[in-house]
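In what follows, a structure is listed as structure tokens, so that the remarks can point back to it.
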Amino acid sequence: MPYHLFKVSECIPEREKHVVEKGKDEEITDALPLGYLNTIPGTLSERGCVYCGAKHVIGTPMKDVIHMSHGPIGCTYDTWQTKRYISDNDNFQIKYTFATDVKESNVIFGANELLKDNIIAAFKAFPEIKRLTIYQTCGTALIGDDLESIAKEVMDEMPEVDIFVCNAPGFAGPSQSGGHHKINIAWVENKVGTHEPKITSDYTINYVGEYNIQGDQEVMQDYFKRMGIQIISTFTGNGSYDDLRGMHRAKLNVLECARSAEYICNELRKRYGIPRMDIDGFGFKPLSDSLRKIGIFFGIEERAEAIVKEETARWKPELDWYKERLKGKRVCLWPGGSKLWHWAHVIHEEMGVEVVSVYTKFGHQGDMEKGISRCDCEGALAIDDPNELESLEAMETLKPDVIFTGKRPGEYAKKIGVPYINAHAYHNGPYKGFEGWVRFARDIYNAIYSPVHELSFVDITKDEITEENSFVTRR
Ligand code: CFM
């Protein structure tokens with residue numbers, strides 16, 4: 001049912017349609033908040049732009065590549081050393097960031113030459129790297145710079161290098177989700193099929209929609225290897241540019257984040273007949289079922305079963321220890337896209353917490369539908385594309401014990417005494433895999449039970465914590 005709570009909706013009435021309360025006996029589809037529409041001007045959305053989705057979510061986790069942003073330096077600068085998609089290539093892709101640093105005069109006279117000079121300079125500075133990606137930004141898209149022709153010129157002059165062009169300027173859609181789509185299609189269109197991988201197993205997969213956040217990919221890769229499966233490529237965490245050009249040779253696409261990467265799976269199915277299998281590396285039950293499914297596909301179920309048995313025996317007792325202590329704790333589950341439905345049910349089931357609110361920054365309506373259906377708590381608040389005021393008001397009303405969200409909402413949650421877990425880049429991840437799931441439970445436990453939160457919302461130089469001024473003790 002629609003939920004009229006937010007102060008914001010008094011001045012921006014359209015926002016009201018973006019918030020609902022999970023009702024009793026209600027058809028989920030009748031009760032969805034509006035989702036994945038253009039951001040309403042003036043609401044101060046927390047979404048990322050299309051360029052961000054293309055480059056900073058999907059492009060740059062590729063590990064053996066110079067990733068060049070063609071635009072003003074600010075578009076890429078704040079990712080320098082801040083992203084957490086690590087790699088086994090000495091983290092080259094997060095250690096360095098490259099931009100053409102477009103200035104006013106370039107906007108007037110064009111920046112094609114500037115781009116070419118920068119590409120050549122970057123290859124000279126890192127002679128061991130032979131692959132490069134270029135990302136269009138708003139500014140250079142508006143002045144009409146021709147990235148493809150520059151890439152071609154350089155490749156003609158330097159035959160040992162390969163360049164990928166991504167035309168996904170910030171304004172080209174409602175959020176980062178538009179950029180996911182654009183880079184998926186551009187990669188399959190321009191690069192898949194241009195490199196032949198070496199096949200070493202009968203069981204070959206592409207591991208798709210996995211970004212190696214704090215090592216997720218490496219944890220999952222270990223299970224696949226133990227099953228005798230060859231990973232032709234990972235799209236794109238810890239992934240290699242040339243491996244990703246060979247995606248057409250895999251027998252199965254194993255898809256983790258459908259929100260960001262279902263497009264390339266669907267294209268690979270159409271163009272090369274490779275089936276798509278959706279899996280889930282979060283949580284004991286979803287992960288066990290996923291490994292079994294892959295096992296069944298290749299006729300090697302017993303190998304999956306052996307891993308499930310071994311890992312469950314090793315990690316389940318620890319998970320249960322945390323579950324005992326997290327039972328009934330109230331959680332606001334506020335991620336970006338697909339973690340909403342990957343987590344909504346399983347954190348309740350396996351960690352005992354109650355999800356009192358779900359939100360998504362840029363998820364499509366289907367993501368919200370799955371999120372609400374899997375959320376077990378009657379009356380949970382579902383919010384699409386929230387802003388700071390709405391989030392604050394929701395927290396004041398719901399009084400969660402912890403929120404799972406990003407750095408920006410996380411920081412203001414802390415100010416009102418609500419502990420936060422970084423749902424995007426994690427605290428002490430990886431969170432995927434059996435071992436990762438226990439790490440997640442441990443981080444939640446540490447967040448909730450840390451005494452520091454009792455000090456974070458009062459002026460400790462003046463005030464003493466009392467029943468009245470303590471948000472924590474008030475609960
Ligand atoms: Fe997929 Fe992601 Fe997510 Fe996403 Fe993201 Fe992310 Fe996310 Mo941050 S690809 S939709 S655009 S699972 S960066 S690794 S954590 S918002 S919920």
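In the structure tokens, the first chain shown is A, the next is B, and so on; residue numbers restart at 1 for each chain, and ligands run from 1 in the order shown.
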
Can you pull out every residue from stretch 207-297 of chain A that DSSP, working from the backbone, puts in alpha helix (DSSP H), and format the result as a PyMOL selection string?
chain A and resi 216-226+241-245+258-272+284-297

Can you write out the residues you just picked, keeping N, CA and C atoms, as a compact mmCIF listing (two decimals), in the first residue's frame?
# COMPACT_ATOMS: atom_id res chain seq x y z
N ASP A 216 35.65 -11.83 -3.85
CA ASP A 216 34.52 -12.75 -4.11
C ASP A 216 34.83 -13.74 -5.25
N GLN A 217 35.37 -13.19 -6.33
CA GLN A 217 35.61 -14.04 -7.50
C GLN A 217 36.59 -15.15 -7.18
N GLU A 218 37.60 -14.79 -6.38
CA GLU A 218 38.63 -15.79 -6.09
C GLU A 218 38.10 -16.92 -5.20
N VAL A 219 37.16 -16.58 -4.31
CA VAL A 219 36.54 -17.60 -3.46
C VAL A 219 35.71 -18.56 -4.34
N MET A 220 34.93 -17.99 -5.23
CA MET A 220 34.05 -18.79 -6.07
C MET A 220 34.85 -19.62 -7.08
N GLN A 221 35.88 -18.98 -7.61
CA GLN A 221 36.74 -19.66 -8.57
C GLN A 221 37.32 -20.95 -8.00
N ASP A 222 37.62 -20.91 -6.71
CA ASP A 222 38.18 -22.08 -6.05
C ASP A 222 37.19 -23.26 -6.11
N TYR A 223 35.89 -23.00 -5.88
CA TYR A 223 34.91 -24.09 -5.95
C TYR A 223 34.83 -24.66 -7.36
N PHE A 224 34.80 -23.74 -8.36
CA PHE A 224 34.70 -24.21 -9.75
C PHE A 224 35.92 -25.07 -10.11
N LYS A 225 37.08 -24.61 -9.70
CA LYS A 225 38.30 -25.36 -10.02
C LYS A 225 38.27 -26.74 -9.37
N ARG A 226 37.80 -26.77 -8.12
CA ARG A 226 37.74 -28.06 -7.43
C ARG A 226 36.76 -29.01 -8.12
N TYR A 241 41.32 -9.08 -20.23
CA TYR A 241 40.77 -8.54 -21.49
C TYR A 241 40.71 -9.62 -22.58
N ASP A 242 41.83 -10.31 -22.79
CA ASP A 242 41.83 -11.29 -23.88
C ASP A 242 40.96 -12.50 -23.56
N ASP A 243 40.92 -12.91 -22.30
CA ASP A 243 40.01 -14.02 -21.93
C ASP A 243 38.57 -13.63 -22.27
N LEU A 244 38.24 -12.38 -22.02
CA LEU A 244 36.87 -11.92 -22.26
C LEU A 244 36.55 -11.81 -23.75
N ARG A 245 37.58 -11.73 -24.58
CA ARG A 245 37.34 -11.77 -26.03
C ARG A 245 37.01 -13.19 -26.48
N ALA A 258 22.40 -10.50 -12.12
CA ALA A 258 21.58 -10.40 -13.33
C ALA A 258 21.30 -8.94 -13.68
N ARG A 259 21.23 -8.09 -12.67
CA ARG A 259 20.92 -6.68 -12.95
C ARG A 259 21.95 -6.05 -13.88
N SER A 260 23.21 -6.36 -13.64
CA SER A 260 24.25 -5.67 -14.40
C SER A 260 24.71 -6.44 -15.62
N ALA A 261 24.42 -7.72 -15.72
CA ALA A 261 25.07 -8.49 -16.77
C ALA A 261 24.19 -9.53 -17.45
N GLU A 262 22.87 -9.43 -17.25
CA GLU A 262 22.03 -10.41 -17.96
C GLU A 262 22.04 -10.14 -19.46
N TYR A 263 22.32 -8.87 -19.82
CA TYR A 263 22.27 -8.49 -21.24
C TYR A 263 23.30 -9.28 -22.05
N ILE A 264 24.51 -9.38 -21.53
CA ILE A 264 25.55 -10.08 -22.32
C ILE A 264 25.24 -11.58 -22.37
N CYS A 265 24.67 -12.12 -21.27
CA CYS A 265 24.30 -13.55 -21.29
C CYS A 265 23.23 -13.79 -22.34
N ASN A 266 22.25 -12.90 -22.40
CA ASN A 266 21.17 -13.08 -23.37
C ASN A 266 21.70 -12.98 -24.80
N GLU A 267 22.65 -12.07 -25.02
CA GLU A 267 23.24 -11.93 -26.36
C GLU A 267 24.07 -13.16 -26.72
N LEU A 268 24.83 -13.67 -25.74
CA LEU A 268 25.67 -14.84 -26.02
C LEU A 268 24.80 -16.07 -26.32
N ARG A 269 23.62 -16.10 -25.70
CA ARG A 269 22.69 -17.19 -25.97
C ARG A 269 22.16 -17.08 -27.41
N LYS A 270 21.78 -15.86 -27.77
CA LYS A 270 21.25 -15.65 -29.12
C LYS A 270 22.30 -15.89 -30.19
N ARG A 271 23.48 -15.30 -29.97
CA ARG A 271 24.49 -15.32 -31.02
C ARG A 271 25.27 -16.62 -31.09
N TYR A 272 25.52 -17.25 -29.93
CA TYR A 272 26.38 -18.44 -29.91
C TYR A 272 25.71 -19.66 -29.31
N PHE A 284 24.57 -20.03 2.47
CA PHE A 284 24.86 -21.47 2.36
C PHE A 284 23.90 -22.17 1.40
N LYS A 285 22.58 -21.93 1.58
CA LYS A 285 21.60 -22.67 0.79
C LYS A 285 21.65 -22.24 -0.69
N PRO A 286 21.57 -20.92 -0.97
CA PRO A 286 21.64 -20.52 -2.38
C PRO A 286 22.93 -20.97 -3.07
N LEU A 287 24.05 -20.88 -2.36
CA LEU A 287 25.32 -21.28 -2.95
C LEU A 287 25.36 -22.80 -3.18
N SER A 288 24.90 -23.56 -2.19
CA SER A 288 24.91 -25.03 -2.35
C SER A 288 24.04 -25.42 -3.55
N ASP A 289 22.84 -24.83 -3.62
CA ASP A 289 21.95 -25.14 -4.75
C ASP A 289 22.59 -24.74 -6.08
N SER A 290 23.32 -23.63 -6.07
CA SER A 290 23.95 -23.16 -7.31
C SER A 290 25.03 -24.14 -7.77
N LEU A 291 25.87 -24.58 -6.83
CA LEU A 291 26.93 -25.52 -7.21
C LEU A 291 26.32 -26.83 -7.72
N ARG A 292 25.23 -27.25 -7.07
CA ARG A 292 24.55 -28.48 -7.50
C ARG A 292 24.01 -28.33 -8.91
N LYS A 293 23.39 -27.17 -9.18
CA LYS A 293 22.82 -26.91 -10.52
C LYS A 293 23.89 -27.00 -11.61
N ILE A 294 25.03 -26.38 -11.33
CA ILE A 294 26.13 -26.41 -12.31
C ILE A 294 26.61 -27.86 -12.47
N GLY A 295 26.69 -28.56 -11.34
CA GLY A 295 27.09 -29.97 -11.37
C GLY A 295 26.15 -30.79 -12.24
N ILE A 296 24.86 -30.57 -12.07
CA ILE A 296 23.87 -31.32 -12.85
C ILE A 296 24.03 -31.01 -14.34
N PHE A 297 24.27 -29.75 -14.67
CA PHE A 297 24.42 -29.35 -16.07
C PHE A 297 25.54 -30.15 -16.74

Spatial neighbours of A:Leu340, max dist 12 Å, only C-alpha atoms, sep filter under 4 positions, as a ChimeraX atom specification
/A:257-259,282,332-336,344-347,355,357-375,382-384,404-405,423-424

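When only C-alpha atoms and all ligand atoms are used to measure the gap to ligand 1, the shortest distance among A:Ile199, A:Ile58, A:Ile403, A:Leu37 belongs to A:Ile58.
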
List the neighbours of A:Asp202 out to 12 Å using only C-alpha atoms; skip same-chain residues closer than 4 positions along the sequence, and give me the result as a list in words.
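That gives Lys198, Met227, Gly228, Ile229, Gln230, Ile231, Ile232, Arg249, Ala250, Lys251, Leu252, Phe297, Phe298, Gly299 and Ile300 of chain A.
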
Between atom CA of A:Gly139 and atom CA of A:Glu113, measure the distance and give it in Å to one decimal.
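Taking atom CA of A:Gly139 and atom CA of A:Glu113, their separation equals 15.4 Å.
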
For each of A:Cys49, A:Ile143, A:Ile40, A:Val331, take the minimum atom-to-atom distance to ligand 1, counting only C-alpha atoms and all ligand atoms, then give the residue where this is smallest.
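Closest candidate: A:Cys49.
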
Please provide as a PyMOL selection string all residues within 10 Å of A:Leu147, with the sequence filter that same-chain residues fewer than 4 positions apart are discarded (counting only C-alpha atoms).
chain A and resi 70+111-112+115-116+134-136+140-141+151-153+164-167

Between atom CA of A:Glu388 and atom CA of A:Ser45, what is the spacing in Å?
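Computing it gives 8.0 Å between the two atoms.
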
Considering only C-alpha atoms, state which residue in the set A:Arg439, A:Lys7, A:Lys63, A:His56 is at the smallest distance from A:Asn238.
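Closest to A:Asn238, using only C-alpha atoms: A:Lys63.
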
What's the 7 Å shell around A:Val254, counting only C-alpha atoms, without same-chain residues fewer than 2 positions away, as a PyMOL selection string?
chain A and resi 205-208+252+256+276-279

Residues as selected, N, CA and C atoms, written as an mmCIF file, in the first residue's frame, can you do that?
data_model
loop_
_atom_site.group_PDB
_atom_site.id
_atom_site.type_symbol
_atom_site.label_atom_id
_atom_site.label_comp_id
_atom_site.auth_asym_id
_atom_site.auth_seq_id
_atom_site.Cartn_x
_atom_site.Cartn_y
_atom_site.Cartn_z
ATOM 1 N N ILE A 205 33.042 -22.621 -18.469
ATOM 2 C CA ILE A 205 32.028 -21.594 -18.175
ATOM 3 C C ILE A 205 32.609 -20.184 -18.366
ATOM 4 N N ASN A 206 31.704 -19.219 -18.601
ATOM 5 C CA ASN A 206 32.017 -17.819 -18.317
ATOM 6 C C ASN A 206 31.356 -17.531 -16.987
ATOM 7 N N TYR A 207 32.086 -16.889 -16.102
ATOM 8 C CA TYR A 207 31.501 -16.485 -14.823
ATOM 9 C C TYR A 207 31.131 -15.006 -14.984
ATOM 10 N N VAL A 208 29.835 -14.726 -15.057
ATOM 11 C CA VAL A 208 29.375 -13.409 -15.513
ATOM 12 C C VAL A 208 28.675 -12.633 -14.380
ATOM 13 N N LEU A 252 28.729 -22.805 -20.939
ATOM 14 C CA LEU A 252 27.671 -22.314 -20.048
ATOM 15 C C LEU A 252 28.043 -20.935 -19.516
ATOM 16 N N GLU A 256 25.867 -14.287 -12.094
ATOM 17 C CA GLU A 256 25.693 -13.941 -10.675
ATOM 18 C C GLU A 256 24.808 -12.695 -10.545
ATOM 19 N N ARG A 276 22.155 -19.747 -20.381
ATOM 20 C CA ARG A 276 22.390 -18.876 -19.225
ATOM 21 C C ARG A 276 21.884 -19.589 -17.970
ATOM 22 N N MET A 277 22.711 -19.666 -16.946
ATOM 23 C CA MET A 277 22.259 -20.242 -15.675
ATOM 24 C C MET A 277 22.477 -19.227 -14.562
ATOM 25 N N ASP A 278 21.385 -18.807 -13.921
ATOM 26 C CA ASP A 278 21.497 -17.806 -12.846
ATOM 27 C C ASP A 278 21.873 -18.493 -11.539
ATOM 28 N N ILE A 279 22.903 -18.003 -10.897
ATOM 29 C CA ILE A 279 23.328 -18.595 -9.626
ATOM 30 C C ILE A 279 23.427 -17.523 -8.539
#
